[in-house]
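First comes the structure, then the notes that go with it.
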Amino acid sequence: MNSHWHYRALALLLALLSWYLVIGRERVDTWFQVKIETAGLADGLVLRGVPREYLDVLVHGPKGLVRKIEPGALVYTLDARKLVPGLNTIVIEPDAIPLSKLFEVTEIRPSKLEIAVERRISKTVPVRMVFREGLKRDYKLSGHLEPAQVTVSGPESLVREMTDVSIQALGLPDDSSGQFETLANVVSPDQVEASPRVVKAQVAYQLNTREVAVDVPVRIVSHERTGVSVSPEVVMLRFKAPLSLLREGAWRGLLDAFVEIDSKAAPGRHEVTYRVTLPQGCELIQARPEKVAVLIK
């Protein structure tokens with residue numbers, strides 16, 4: 001058997017040749033996505049808007065070879081050296097697609113590109129401080145930014161209309177008042193760059209409050225005692241409350257005025273100071289009367 005190895009090699013070669021002739025003659029059409037890259041745009045110019053990222057290309061060629069084409073490797077390079085301000089029409093020829101001569105590009109979608117080009121301009125604009133929604137309603141806010149102005153650059157039609165830029169909306173700590181310092185990113189429209197991109201924000205804040213006067217019934221906390229009454233049965237509480245709490249409406253159920261009666265207290269009339277509980281964030285200004293009379297039978 002070993003003496004006829006050359007016959008076996010010849011048979012294998014003929015089989016491979018037959019396979020190539022059959023597969024090579026079978027031609028197919030296949031669509032590929034071809035990435036678009038732009039090169040050579042002149043200084044001082046900028047593409048307006050987001051250009052198309054891919055072309056759809058129909059390739060005709062041998063079935064076995066078409067299968068070996070790696071879609072990610074196909075790139076169409078748009079030569080931007082001839083682009084001028086305004087709307088430019090670029091016709092895409094089949095030979096601009098980087099493929100071997102073994103393949104034929106039969107269709108390109110789109111077959112032409114409309115490229116808008118503008119001059120790039122720059123100008124200086126003030127930076128505006130922005131807080132998260134609702135904070136200005138609940139807090140007195142003040143502060144400043146460093147630097148207070150930045151340079152923006154981009155397409156002429158966008159930059160000319162800009163009067164300012166803002167920072168990303170700031171939040172506040174949980175404290176009712178105070179001050180803090182933080183870095184904030186500058187927010188600008190798409191295709192517009194700001195320099196510097198980050199500014200320092202210094203903020204002072206104080207919770208907005210309002211004085212409220214409410215009549216509250218006095219509750220008796222008595223341990224194993226009966227026949228206990230209090231006079232007056234209602235007291236007036238004047239306190240300072242955050243506006244955010246007052247808007248919620250459930251704050252009244254969090255008010256409490258009460259006297260605690262010791263089980264060993266002697267019968268009779270006693271003048272005592274009652275205790276007050278307020279919602280979190282509230283500050284008591286006045287409780288009237290300051291004391292109540294407790295009658296123990």
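Numbering starts fresh at 1 for the residues of each chain in the structure tokens, the chains themselves are lettered A, B, ... in the order given, and ligands are numbered from 1 as they appear.
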
Hey, what does DSSP flag as strand (DSSP E or B) within range 156-211 of chain A? Can you give it to me as a ChimeraX atom specification? /A:165-167,170,177-187,193-195,198-207,209-211

Export N, CA, C and O atoms of the chosen residues as a tab-separated table (two decimals), in the first residue's frame?
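See selection.tsv below for the written result:
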chain	number	residue	atom	x	y	z
A	165	VAL	N	-24.50	78.10	28.78
A	165	VAL	CA	-24.55	76.66	28.97
A	165	VAL	C	-24.88	76.41	30.44
A	165	VAL	O	-24.79	77.33	31.26
A	166	SER	N	-25.27	75.19	30.76
A	166	SER	CA	-25.61	74.87	32.14
A	166	SER	C	-24.71	73.76	32.64
A	166	SER	O	-23.97	73.14	31.88
A	167	ILE	N	-24.79	73.51	33.93
A	167	ILE	CA	-24.11	72.36	34.51
A	167	ILE	C	-25.15	71.26	34.73
A	167	ILE	O	-26.35	71.50	34.66
A	170	LEU	N	-27.69	69.83	40.16
A	170	LEU	CA	-27.11	69.51	41.46
A	170	LEU	C	-28.18	69.06	42.45
A	170	LEU	O	-29.30	69.58	42.45
A	177	SER	N	-29.90	72.87	56.28
A	177	SER	CA	-29.17	74.05	55.82
A	177	SER	C	-27.68	73.76	55.87
A	177	SER	O	-27.23	72.82	56.54
A	178	GLY	N	-26.94	74.56	55.13
A	178	GLY	CA	-25.49	74.37	55.12
A	178	GLY	C	-24.90	74.87	53.83
A	178	GLY	O	-25.53	75.63	53.07
A	179	GLN	N	-23.69	74.46	53.54
A	179	GLN	CA	-23.02	74.81	52.29
A	179	GLN	C	-22.07	73.68	51.91
A	179	GLN	O	-21.64	72.90	52.75
A	180	PHE	N	-21.80	73.60	50.62
A	180	PHE	CA	-20.89	72.56	50.13
A	180	PHE	C	-20.23	73.01	48.84
A	180	PHE	O	-20.65	73.99	48.21
A	181	GLU	N	-19.21	72.27	48.46
A	181	GLU	CA	-18.44	72.55	47.26
A	181	GLU	C	-18.32	71.25	46.46
A	181	GLU	O	-18.07	70.19	47.03
A	182	THR	N	-18.52	71.32	45.15
A	182	THR	CA	-18.44	70.11	44.33
A	182	THR	C	-18.03	70.47	42.91
A	182	THR	O	-18.11	71.64	42.50
A	183	LEU	N	-17.56	69.46	42.17
A	183	LEU	CA	-17.25	69.63	40.76
A	183	LEU	C	-18.47	69.25	39.94
A	183	LEU	O	-19.16	68.27	40.25
A	184	ALA	N	-18.72	70.00	38.88
A	184	ALA	CA	-19.91	69.76	38.06
A	184	ALA	C	-19.53	69.77	36.58
A	184	ALA	O	-18.74	70.62	36.14
A	185	ASN	N	-20.09	68.84	35.83
A	185	ASN	CA	-19.86	68.77	34.38
A	185	ASN	C	-20.68	69.83	33.66
A	185	ASN	O	-21.85	70.08	34.01
A	186	VAL	N	-20.08	70.44	32.66
A	186	VAL	CA	-20.78	71.41	31.82
A	186	VAL	C	-21.59	70.65	30.76
A	186	VAL	O	-21.09	69.73	30.12
A	187	VAL	N	-22.85	71.04	30.58
A	187	VAL	CA	-23.73	70.40	29.60
A	187	VAL	C	-23.83	71.29	28.37
A	187	VAL	O	-24.19	72.47	28.48
A	193	GLU	N	-18.45	71.52	21.90
A	193	GLU	CA	-17.53	71.20	22.98
A	193	GLU	C	-17.33	72.43	23.87
A	193	GLU	O	-17.28	73.56	23.37
A	194	ALA	N	-17.24	72.18	25.17
A	194	ALA	CA	-17.00	73.26	26.13
A	194	ALA	C	-15.62	73.10	26.74
A	194	ALA	O	-15.17	71.99	27.01
A	195	SER	N	-14.95	74.21	26.95
A	195	SER	CA	-13.63	74.19	27.57
A	195	SER	C	-13.56	75.30	28.61
A	195	SER	O	-13.75	76.48	28.28
A	198	VAL	N	-15.38	70.90	33.07
A	198	VAL	CA	-15.78	70.75	34.47
A	198	VAL	C	-15.52	72.06	35.20
A	198	VAL	O	-14.47	72.69	35.01
A	199	VAL	N	-16.50	72.50	36.01
A	199	VAL	CA	-16.35	73.72	36.80
A	199	VAL	C	-16.60	73.38	38.28
A	199	VAL	O	-17.14	72.33	38.60
A	200	LYS	N	-16.20	74.30	39.16
A	200	LYS	CA	-16.40	74.10	40.59
A	200	LYS	C	-17.62	74.89	41.04
A	200	LYS	O	-17.74	76.08	40.76
A	201	ALA	N	-18.53	74.21	41.72
A	201	ALA	CA	-19.75	74.85	42.22
A	201	ALA	C	-19.66	75.01	43.73
A	201	ALA	O	-19.34	74.05	44.44
A	202	GLN	N	-19.94	76.21	44.23
A	202	GLN	CA	-20.02	76.49	45.66
A	202	GLN	C	-21.45	76.90	45.97
A	202	GLN	O	-21.95	77.88	45.41
A	203	VAL	N	-22.11	76.15	46.86
A	203	VAL	CA	-23.55	76.30	47.07
A	203	VAL	C	-23.85	76.48	48.56
A	203	VAL	O	-23.28	75.78	49.40
A	204	ALA	N	-24.75	77.43	48.87
A	204	ALA	CA	-25.30	77.57	50.21
A	204	ALA	C	-26.80	77.33	50.11
A	204	ALA	O	-27.45	77.77	49.15
A	205	TYR	N	-27.37	76.63	51.08
A	205	TYR	CA	-28.79	76.27	51.01
A	205	TYR	C	-29.43	76.35	52.39
A	205	TYR	O	-28.79	76.14	53.42
A	206	GLN	N	-30.72	76.67	52.42
A	206	GLN	CA	-31.49	76.73	53.66
A	206	GLN	C	-32.93	76.33	53.36
A	206	GLN	O	-33.54	76.82	52.41
A	207	LEU	N	-33.44	75.45	54.18
A	207	LEU	CA	-34.78	74.92	53.96
A	207	LEU	C	-35.83	76.02	54.12
A	207	LEU	O	-35.79	76.79	55.10
A	209	THR	N	-39.17	77.45	55.33
A	209	THR	CA	-40.10	77.07	56.39
A	209	THR	C	-41.22	78.11	56.51
A	209	THR	O	-41.13	79.21	55.96
A	210	ARG	N	-42.25	77.73	57.27
A	210	ARG	CA	-43.36	78.64	57.53
A	210	ARG	C	-43.87	78.41	58.95
A	210	ARG	O	-43.90	77.26	59.42
A	211	GLU	N	-44.26	79.49	59.61
A	211	GLU	CA	-44.81	79.34	60.95
A	211	GLU	C	-46.26	78.88	60.87
A	211	GLU	O	-47.04	79.36	60.04

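Shell of range 40-51 of chain A at 8 Å, with only C-alpha atoms counted and residues fewer than 2 places along the chain excluded, is A:Thr38, A:Glu53, A:Asp79, A:Ala80, A:Arg81, A:Leu83, A:Pro85, A:Ile115, A:Ala116, A:Val117, A:Glu118, A:Arg119, A:Arg120, A:Ile121, A:Gly154, A:Pro155, A:Gln191.
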
Find the residue from A:Pro98, A:Gly171, A:Pro196, A:Pro289 that sits nearest to Glu271 in chain A; use only C-alpha atoms when measuring.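 The answer is A:Pro289, which sits nearest to Glu271 in chain A.
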
Can you pull out every residue within 10 Å of Phe131 in chain A, counting only C-alpha atoms, but drop anything in the same chain fewer than 3 positions away, and send it as a list of chain:residue names? A:Gly134, A:Leu135, A:Lys136, A:Leu141, A:Ile167, A:Gln168, A:Ala169, A:Leu170, A:Gly171, A:Leu172

Can you tell me which residues surround Val212 in chain A at a distance of at most 7 Å, considering only C-alpha atoms, apart from same-chain residues fewer than 5 positions away, and format the answer as a list in words?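 Neighbouring residues, sequence-local ones excluded: Arg238, Phe239 and Lys240 of chain A.
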
Residue set, range 12-243 of chain A restricted to helix (DSSP H, G or I), as a ChimeraX atom specification: /A:12-25,63-66,71-73,80-82,94-96,135-138,156-159,243

Now that the selection is made, can you save its residues with N, CA and C atoms as an mmCIF file, in the first residue's frame?
data_model
loop_
_atom_site.group_PDB
_atom_site.id
_atom_site.type_symbol
_atom_site.label_atom_id
_atom_site.label_comp_id
_atom_site.auth_asym_id
_atom_site.auth_seq_id
_atom_site.Cartn_x
_atom_site.Cartn_y
_atom_site.Cartn_z
ATOM 1 N N LEU A 12 -6.517 12.610 -4.092
ATOM 2 C CA LEU A 12 -6.925 13.693 -3.203
ATOM 3 C C LEU A 12 -6.876 15.036 -3.912
ATOM 4 N N LEU A 13 -5.816 15.247 -4.713
ATOM 5 C CA LEU A 13 -5.673 16.493 -5.445
ATOM 6 C C LEU A 13 -6.811 16.667 -6.444
ATOM 7 N N LEU A 14 -7.164 15.549 -7.153
ATOM 8 C CA LEU A 14 -8.271 15.634 -8.114
ATOM 9 C C LEU A 14 -9.589 15.924 -7.402
ATOM 10 N N ALA A 15 -9.780 15.356 -6.187
ATOM 11 C CA ALA A 15 -11.009 15.608 -5.442
ATOM 12 C C ALA A 15 -11.109 17.079 -5.039
ATOM 13 N N LEU A 16 -9.982 17.636 -4.568
ATOM 14 C CA LEU A 16 -9.971 19.041 -4.189
ATOM 15 C C LEU A 16 -10.234 19.950 -5.388
ATOM 16 N N LEU A 17 -9.631 19.573 -6.539
ATOM 17 C CA LEU A 17 -9.838 20.356 -7.747
ATOM 18 C C LEU A 17 -11.298 20.308 -8.180
ATOM 19 N N SER A 18 -11.899 19.134 -8.098
ATOM 20 C CA SER A 18 -13.308 18.997 -8.471
ATOM 21 C C SER A 18 -14.187 19.839 -7.557
ATOM 22 N N TRP A 19 -13.876 19.781 -6.230
ATOM 23 C CA TRP A 19 -14.658 20.577 -5.275
ATOM 24 C C TRP A 19 -14.530 22.064 -5.588
ATOM 25 N N TYR A 20 -13.328 22.521 -5.901
ATOM 26 C CA TYR A 20 -13.113 23.936 -6.197
ATOM 27 C C TYR A 20 -13.872 24.348 -7.457
ATOM 28 N N LEU A 21 -13.837 23.466 -8.489
ATOM 29 C CA LEU A 21 -14.525 23.805 -9.735
ATOM 30 C C LEU A 21 -16.028 23.904 -9.536
ATOM 31 N N VAL A 22 -16.577 23.003 -8.705
ATOM 32 C CA VAL A 22 -18.013 23.028 -8.474
ATOM 33 C C VAL A 22 -18.402 24.253 -7.640
ATOM 34 N N ILE A 23 -17.678 24.420 -6.500
ATOM 35 C CA ILE A 23 -18.003 25.542 -5.623
ATOM 36 C C ILE A 23 -17.666 26.875 -6.281
ATOM 37 N N GLY A 24 -16.547 26.919 -6.960
ATOM 38 C CA GLY A 24 -16.118 28.155 -7.587
ATOM 39 C C GLY A 24 -17.075 28.625 -8.655
ATOM 40 N N ARG A 25 -17.723 27.708 -9.352
ATOM 41 C CA ARG A 25 -18.663 28.103 -10.387
ATOM 42 C C ARG A 25 -19.999 28.543 -9.804
ATOM 43 N N LYS A 63 -19.419 31.266 -4.098
ATOM 44 C CA LYS A 63 -20.070 30.978 -2.828
ATOM 45 C C LYS A 63 -19.054 30.712 -1.710
ATOM 46 N N GLY A 64 -18.081 29.872 -1.988
ATOM 47 C CA GLY A 64 -17.106 29.520 -0.955
ATOM 48 C C GLY A 64 -16.287 30.701 -0.497
ATOM 49 N N LEU A 65 -15.968 31.625 -1.408
ATOM 50 C CA LEU A 65 -15.160 32.786 -1.054
ATOM 51 C C LEU A 65 -15.984 33.881 -0.378
ATOM 52 N N VAL A 66 -17.253 34.016 -0.806
ATOM 53 C CA VAL A 66 -18.119 35.029 -0.195
ATOM 54 C C VAL A 66 -18.304 34.742 1.283
ATOM 55 N N PRO A 71 -17.422 40.668 7.592
ATOM 56 C CA PRO A 71 -18.146 41.943 7.464
ATOM 57 C C PRO A 71 -17.477 43.085 8.222
ATOM 58 N N GLY A 72 -16.940 42.815 9.411
ATOM 59 C CA GLY A 72 -16.338 43.881 10.202
ATOM 60 C C GLY A 72 -15.092 44.462 9.582
ATOM 61 N N ALA A 73 -14.516 43.765 8.605
ATOM 62 C CA ALA A 73 -13.272 44.234 7.992
ATOM 63 C C ALA A 73 -13.523 45.164 6.807
ATOM 64 N N ALA A 80 -12.769 63.396 2.723
ATOM 65 C CA ALA A 80 -13.407 64.678 3.057
ATOM 66 C C ALA A 80 -12.581 65.878 2.632
ATOM 67 N N ARG A 81 -11.477 65.671 1.929
ATOM 68 C CA ARG A 81 -10.618 66.794 1.563
ATOM 69 C C ARG A 81 -11.304 67.779 0.636
ATOM 70 N N LYS A 82 -12.280 67.292 -0.145
ATOM 71 C CA LYS A 82 -12.948 68.170 -1.109
ATOM 72 C C LYS A 82 -14.262 68.744 -0.571
ATOM 73 N N PRO A 94 -18.753 51.576 -7.067
ATOM 74 C CA PRO A 94 -18.502 50.198 -6.615
ATOM 75 C C PRO A 94 -17.038 49.908 -6.314
ATOM 76 N N ASP A 95 -16.120 50.507 -7.100
ATOM 77 C CA ASP A 95 -14.707 50.204 -6.868
ATOM 78 C C ASP A 95 -14.165 50.877 -5.599
ATOM 79 N N ALA A 96 -14.989 51.712 -4.939
ATOM 80 C CA ALA A 96 -14.565 52.314 -3.678
ATOM 81 C C ALA A 96 -14.729 51.349 -2.513
ATOM 82 N N LEU A 135 -36.176 71.544 44.028
ATOM 83 C CA LEU A 135 -35.344 72.050 45.117
ATOM 84 C C LEU A 135 -35.544 73.543 45.353
ATOM 85 N N LYS A 136 -35.724 74.308 44.289
ATOM 86 C CA LYS A 136 -35.897 75.752 44.457
ATOM 87 C C LYS A 136 -37.200 76.081 45.183
ATOM 88 N N ARG A 137 -38.164 75.187 45.098
ATOM 89 C CA ARG A 137 -39.418 75.411 45.797
ATOM 90 C C ARG A 137 -39.270 75.177 47.306
ATOM 91 N N ASP A 138 -38.363 74.281 47.678
ATOM 92 C CA ASP A 138 -38.221 73.896 49.084
ATOM 93 C C ASP A 138 -37.029 74.539 49.784
ATOM 94 N N GLU A 156 -21.179 76.379 13.227
ATOM 95 C CA GLU A 156 -21.521 77.795 13.304
ATOM 96 C C GLU A 156 -22.995 78.021 13.627
ATOM 97 N N SER A 157 -23.900 77.242 13.013
ATOM 98 C CA SER A 157 -25.332 77.462 13.217
ATOM 99 C C SER A 157 -25.749 77.203 14.659
ATOM 100 N N LEU A 158 -25.048 76.311 15.350
ATOM 101 C CA LEU A 158 -25.377 76.025 16.743
ATOM 102 C C LEU A 158 -24.752 77.047 17.684
ATOM 103 N N VAL A 159 -23.468 77.303 17.502
ATOM 104 C CA VAL A 159 -22.745 78.158 18.438
ATOM 105 C C VAL A 159 -23.255 79.592 18.404
ATOM 106 N N LEU A 243 -41.772 73.734 54.264
ATOM 107 C CA LEU A 243 -42.874 73.812 53.301
ATOM 108 C C LEU A 243 -43.156 72.452 52.669
#

Using only C-alpha atoms, determine which residues lie at most 9 Å from Leu102 in chain A, disregarding the query and same-chain residues fewer than 2 positions distant; provide the list as a list of chain:residue names.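 Result of the neighbour search: A:His60, A:Gly61, A:Pro62, A:Leu65, A:Leu99, A:Ser100, A:Glu104.
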
For Val292 in chain A, the nearest of the candidates A:Pro232, A:Pro126, A:Pro279, A:Gly253, counting only C-alpha atoms: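 Closest residue, counting only C-alpha atoms: A:Pro232.
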
Check the smallest atom-to-atom distance from each of A:Arg288, A:Arg269, A:Lys264, A:Lys68 to Met236 in chain A using only C-alpha atoms, then report the winner.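 Counting only C-alpha atoms, the residue closest to Met236 in chain A is A:Arg288.
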
When you draw a straight line from CA of Val276 in chain A to CA of Lys297 in chain A, how long is it in Å?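 So the two atoms, CA of Val276 in chain A and CA of Lys297 in chain A, lie 24.9 Å apart.
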
Between CA of Cys282 in chain A and CA of Pro173 in chain A, what is the distance in Å, rounded to a tenth? 17.8 Å

I'd like the neighbourhood of Glu233 in chain A as a PyMOL selection string, where a residue qualifies if any of its atoms comes within 12 Å (using only C-alpha atoms), though same-chain residues fewer than 6 positions away should be ignored. chain A and resi 215-220+257-259+274+288-289+291-295
